[in-house]
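Q: Can you read through this structure? Questions will come right after.
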Amino acid sequence: MPKVSKSKKVLDMARKAGMFRARELAKQGIPRVYLQRLEQQGLLVREGRGLYAHPAAKITENHSLAEAAKRMSHGVVCLLSALRFHELTTQNPSEIWLTIGWKARAPKKDILPLRIVRMSGKSLTEGVEQHQIEGVSVKIYNPAKTVADCFKYRNKVGLDVALEALRDYRQKHRGGMDELWRFANICRVARIMRPYLEALS
């Protein structure tokens with residue numbers, strides 16, 4: 001059986017993963033110099049510091065979320081970015097909003113504009129969904145958790161954004177009001193949300 005070249009291994013990884021970190025090569029015993037060679041030959045695209053993709057990889061509107069997940073595997077897409085993903089807002093955020101724990105290390109400044117929000121306890125761990133975007137597993141808060149978060153962080157996103165998200169959620173997820181209340185209690189905003197919900201009834 002012919003030996004597979006290291007360059008081919010890298011390109012196969014890029015095709016399968018869609019996007020990968022340079023440090024993932026170390027697990028395969030492949031020196032990083034192969035990345036530079038393949039990039040110079042136009043066979044790989046450098047997405048940012050230590051992040052590479054195949055040039056033929058399918059780029060979607062959620063490409064930046066896949067990039068963020070590769071950079072911060074412990075982060076969860078939240079607030080405006082999660083609203084946009086779930087189509088619960090007309091906003092188009094210029095930053096990727098990510099949640100991390102209070103003790104988690106903040107990311108280094110990079111090309112990718114990140115807006116970090118710290119949470120703890122159930123506010124951090126509940127309501128997380130896994131979505132596949134361009135071959136990358138991306139953690140995103142579900143619609144109900146995202147709406148509740150918008151009320152909790154209304155000073156960051158704006159009350160108008162939270163109200164728009166609430167209206168859109170109610171229209172698209174009519175059977176999901178119990179779930180919304182559950183997350184409103186987890187995020188401790190049930191009292192704040194109640195009058196707005198009653199006004200929409």
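Numbering starts fresh at 1 for the residues of each chain in the structure tokens, the chains themselves are lettered A, B, ... in the order given, and ligands are numbered from 1 as they appear.
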I'd like to know which residues of region 37-200 of chain A are alpha helix (DSSP H) (by DSSP, run on the backbone); could you write them as a PyMOL selection string?
A: chain A and resi 37-40+63-71+79-85+121-125+143-152+154-157+159-172+177-186+190-200
Q: Could you write out, as a PDB file with N, CA and C atoms, in the first residue's frame, all the residues of region 26-168 of chain A that DSSP marks as strand (DSSP E)?
A:
ATOM      1  N   VAL A  45      -6.224  27.948   2.386  1.00  0.00           N
ATOM      2  CA  VAL A  45      -6.497  29.360   2.642  1.00  0.00           C
ATOM      3  C   VAL A  45      -6.338  29.609   4.134  1.00  0.00           C
ATOM      4  N   ARG A  46      -5.557  30.628   4.479  1.00  0.00           N
ATOM      5  CA  ARG A  46      -5.389  30.988   5.884  1.00  0.00           C
ATOM      6  C   ARG A  46      -6.523  31.920   6.286  1.00  0.00           C
ATOM      7  N   GLU A  47      -7.367  31.446   7.195  1.00  0.00           N
ATOM      8  CA  GLU A  47      -8.526  32.218   7.629  1.00  0.00           C
ATOM      9  C   GLU A  47      -8.165  33.224   8.719  1.00  0.00           C
ATOM     10  N   GLY A  48      -7.096  32.972   9.415  1.00  0.00           N
ATOM     11  CA  GLY A  48      -6.675  33.830  10.526  1.00  0.00           C
ATOM     12  C   GLY A  48      -5.499  33.169  11.203  1.00  0.00           C
ATOM     13  N   LEU A  51      -5.493  29.285  11.702  1.00  0.00           N
ATOM     14  CA  LEU A  51      -6.753  28.710  11.236  1.00  0.00           C
ATOM     15  C   LEU A  51      -6.736  28.619   9.711  1.00  0.00           C
ATOM     16  N   TYR A  52      -6.997  27.403   9.211  1.00  0.00           N
ATOM     17  CA  TYR A  52      -6.895  27.160   7.768  1.00  0.00           C
ATOM     18  C   TYR A  52      -8.145  26.456   7.237  1.00  0.00           C
ATOM     19  N   ALA A  53      -8.378  26.629   5.933  1.00  0.00           N
ATOM     20  CA  ALA A  53      -9.516  25.991   5.283  1.00  0.00           C
ATOM     21  C   ALA A  53      -9.129  25.593   3.865  1.00  0.00           C
ATOM     22  N   VAL A  76     -19.903  29.605  23.564  1.00  0.00           N
ATOM     23  CA  VAL A  76     -21.255  29.336  23.062  1.00  0.00           C
ATOM     24  C   VAL A  76     -21.770  30.600  22.379  1.00  0.00           C
ATOM     25  N   VAL A  77     -22.239  30.476  21.164  1.00  0.00           N
ATOM     26  CA  VAL A  77     -22.786  31.622  20.432  1.00  0.00           C
ATOM     27  C   VAL A  77     -24.035  32.112  21.171  1.00  0.00           C
ATOM     28  N   ILE A  96     -19.038  38.741  16.615  1.00  0.00           N
ATOM     29  CA  ILE A  96     -19.600  37.446  16.997  1.00  0.00           C
ATOM     30  C   ILE A  96     -19.704  37.437  18.511  1.00  0.00           C
ATOM     31  N   TRP A  97     -20.921  37.271  19.005  1.00  0.00           N
ATOM     32  CA  TRP A  97     -21.162  37.268  20.445  1.00  0.00           C
ATOM     33  C   TRP A  97     -20.974  35.856  20.972  1.00  0.00           C
ATOM     34  N   LEU A  98     -20.068  35.700  21.937  1.00  0.00           N
ATOM     35  CA  LEU A  98     -19.782  34.386  22.520  1.00  0.00           C
ATOM     36  C   LEU A  98     -19.846  34.455  24.036  1.00  0.00           C
ATOM     37  N   THR A  99     -20.385  33.405  24.633  1.00  0.00           N
ATOM     38  CA  THR A  99     -20.408  33.277  26.083  1.00  0.00           C
ATOM     39  C   THR A  99     -19.307  32.322  26.526  1.00  0.00           C
ATOM     40  N   ILE A 100     -18.612  32.696  27.581  1.00  0.00           N
ATOM     41  CA  ILE A 100     -17.654  31.804  28.223  1.00  0.00           C
ATOM     42  C   ILE A 100     -17.845  31.913  29.734  1.00  0.00           C
ATOM     43  N   GLY A 101     -17.300  30.953  30.471  1.00  0.00           N
ATOM     44  CA  GLY A 101     -17.407  30.979  31.927  1.00  0.00           C
ATOM     45  C   GLY A 101     -16.553  32.080  32.528  1.00  0.00           C
ATOM     46  N   LEU A 114     -14.699  39.528  18.178  1.00  0.00           N
ATOM     47  CA  LEU A 114     -15.491  38.782  19.151  1.00  0.00           C
ATOM     48  C   LEU A 114     -16.006  39.709  20.244  1.00  0.00           C
ATOM     49  N   ARG A 115     -17.222  39.469  20.685  1.00  0.00           N
ATOM     50  CA  ARG A 115     -17.805  40.185  21.836  1.00  0.00           C
ATOM     51  C   ARG A 115     -18.053  39.116  22.905  1.00  0.00           C
ATOM     52  N   ILE A 116     -17.283  39.155  23.973  1.00  0.00           N
ATOM     53  CA  ILE A 116     -17.331  38.116  24.989  1.00  0.00           C
ATOM     54  C   ILE A 116     -18.270  38.499  26.127  1.00  0.00           C
ATOM     55  N   VAL A 117     -19.143  37.577  26.485  1.00  0.00           N
ATOM     56  CA  VAL A 117     -20.058  37.741  27.618  1.00  0.00           C
ATOM     57  C   VAL A 117     -19.805  36.585  28.571  1.00  0.00           C
ATOM     58  N   ARG A 118     -19.604  36.895  29.831  1.00  0.00           N
ATOM     59  CA  ARG A 118     -19.319  35.836  30.809  1.00  0.00           C
ATOM     60  C   ARG A 118     -20.584  35.476  31.589  1.00  0.00           C
ATOM     61  N   MET A 119     -20.784  34.165  31.764  1.00  0.00           N
ATOM     62  CA  MET A 119     -21.920  33.655  32.533  1.00  0.00           C
ATOM     63  C   MET A 119     -21.419  32.543  33.446  1.00  0.00           C
ATOM     64  N   VAL A 128     -27.965  24.819  25.518  1.00  0.00           N
ATOM     65  CA  VAL A 128     -26.930  24.786  24.483  1.00  0.00           C
ATOM     66  C   VAL A 128     -27.279  23.732  23.433  1.00  0.00           C
ATOM     67  N   GLU A 129     -27.286  24.123  22.186  1.00  0.00           N
ATOM     68  CA  GLU A 129     -27.507  23.203  21.060  1.00  0.00           C
ATOM     69  C   GLU A 129     -26.210  23.067  20.264  1.00  0.00           C
ATOM     70  N   GLN A 130     -26.047  21.929  19.610  1.00  0.00           N
ATOM     71  CA  GLN A 130     -24.901  21.716  18.717  1.00  0.00           C
ATOM     72  C   GLN A 130     -25.392  21.792  17.276  1.00  0.00           C
ATOM     73  N   HIS A 131     -24.794  22.654  16.479  1.00  0.00           N
ATOM     74  CA  HIS A 131     -25.147  22.791  15.063  1.00  0.00           C
ATOM     75  C   HIS A 131     -23.905  22.574  14.210  1.00  0.00           C
ATOM     76  N   GLN A 132     -24.086  21.884  13.086  1.00  0.00           N
ATOM     77  CA  GLN A 132     -22.987  21.679  12.150  1.00  0.00           C
ATOM     78  C   GLN A 132     -22.989  22.803  11.120  1.00  0.00           C
ATOM     79  N   ILE A 133     -21.912  23.569  11.086  1.00  0.00           N
ATOM     80  CA  ILE A 133     -21.769  24.663  10.123  1.00  0.00           C
ATOM     81  C   ILE A 133     -20.455  24.464   9.382  1.00  0.00           C
ATOM     82  N   VAL A 136     -18.073  22.116  10.894  1.00  0.00           N
ATOM     83  CA  VAL A 136     -17.605  22.450  12.246  1.00  0.00           C
ATOM     84  C   VAL A 136     -18.778  22.366  13.222  1.00  0.00           C
ATOM     85  N   SER A 137     -18.559  21.735  14.372  1.00  0.00           N
ATOM     86  CA  SER A 137     -19.589  21.662  15.407  1.00  0.00           C
ATOM     87  C   SER A 137     -19.587  22.981  16.195  1.00  0.00           C
ATOM     88  N   VAL A 138     -20.724  23.675  16.160  1.00  0.00           N
ATOM     89  CA  VAL A 138     -20.832  24.997  16.778  1.00  0.00           C
ATOM     90  C   VAL A 138     -21.896  24.959  17.879  1.00  0.00           C
ATOM     91  N   LYS A 139     -21.526  25.429  19.070  1.00  0.00           N
ATOM     92  CA  LYS A 139     -22.466  25.487  20.188  1.00  0.00           C
ATOM     93  C   LYS A 139     -23.207  26.830  20.141  1.00  0.00           C
ATOM     94  N   ILE A 140     -24.545  26.742  20.154  1.00  0.00           N
ATOM     95  CA  ILE A 140     -25.386  27.940  20.073  1.00  0.00           C
ATOM     96  C   ILE A 140     -26.531  27.786  21.067  1.00  0.00           C
ATOM     97  N   TYR A 141     -26.842  28.842  21.804  1.00  0.00           N
ATOM     98  CA  TYR A 141     -27.999  28.781  22.696  1.00  0.00           C
ATOM     99  C   TYR A 141     -29.282  28.668  21.879  1.00  0.00           C
TER     100      TYR A 141
END
Q: Considering only C-alpha atoms, tabulate each residue of region 68-135 of chain A that lies at most 7 Å from region 145-156 of chain A along with its nearest interatomic pair and the corresponding distance in Å to one decimal; arrange the rows by chain and ascending residue number and present them as a tab-separated table.
A:
residue	atom	partner	partner_atom	distance
A:Cys78	CA	A:Thr146	CA	6.4
A:Leu79	CA	A:Thr146	CA	5.7
A:Ala82	CA	A:Thr146	CA	6.6
A:Leu83	CA	A:Thr146	CA	6.7
A:Gly127	CA	A:Lys145	CA	5.8
Q: What's the 9 Å shell around Glu164 (chain A), counting only C-alpha atoms, without same-chain residues fewer than 6 positions away, as a VMD selection string?
A: chain A and resid 88 to 90
Q: Please provide the set of residues having any atom within 12 Å of Glu198 (chain A), restricted to only C-alpha atoms, with same-chain residues fewer than 6 positions apart removed, written as a list of chain:residue names.
A: A:Leu166, A:Arg167, A:Arg170, A:Ala190, A:Arg191, A:Ile192
Q: Which one is closest to Glu87 (chain A): A:Val10, A:Leu25, A:Leu159, A:Ala165? Count only C-alpha atoms.
A: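 Residue with the minimum atom-to-atom distance to Glu87 (chain A): A:Ala165.
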Q: From the set A:Gly75, A:Gly135, A:Pro107, A:Pro143, which residue has the shortest atom-to-atom contact distance to Leu180 (chain A), counting only C-alpha atoms?
A: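 For Leu180 (chain A), the nearest of the candidates is A:Pro143.
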Q: What does the distance between CA of Ala22 (chain A) and CA of Ser73 (chain A) come to in Å, to one decimal place?
A: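 Interatomic distance, CA of Ala22 (chain A) to CA of Ser73 (chain A): 14.3 Å.
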Q: Figure out the distance between CA of Phe183 (chain A) and CA of Glu126 (chain A), please, to one decimal in Å.
A: 8.3 Å
Q: Can you tell me how far CA of Ala106 (chain A) sits from CA of Gly158 (chain A), in Å to one decimal?
A: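 Here the two named atoms are 24.0 Å from each other.
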Q: I want to know what sits within 8 Å of Ser120 (chain A), based on only C-alpha atoms, with residues of the same chain fewer than 4 positions away left out; could you give that as a VMD selection string?
A: chain A and resid 101 to 102 124 to 125
Q: For Pro31 (chain A), work out the shell of residues within 12 Å, counting only C-alpha atoms and skipping chain neighbours fewer than 5 positions away, then give it as number ranges by chain.
A: A: 6-7, 9-10, 22-26, 36-37
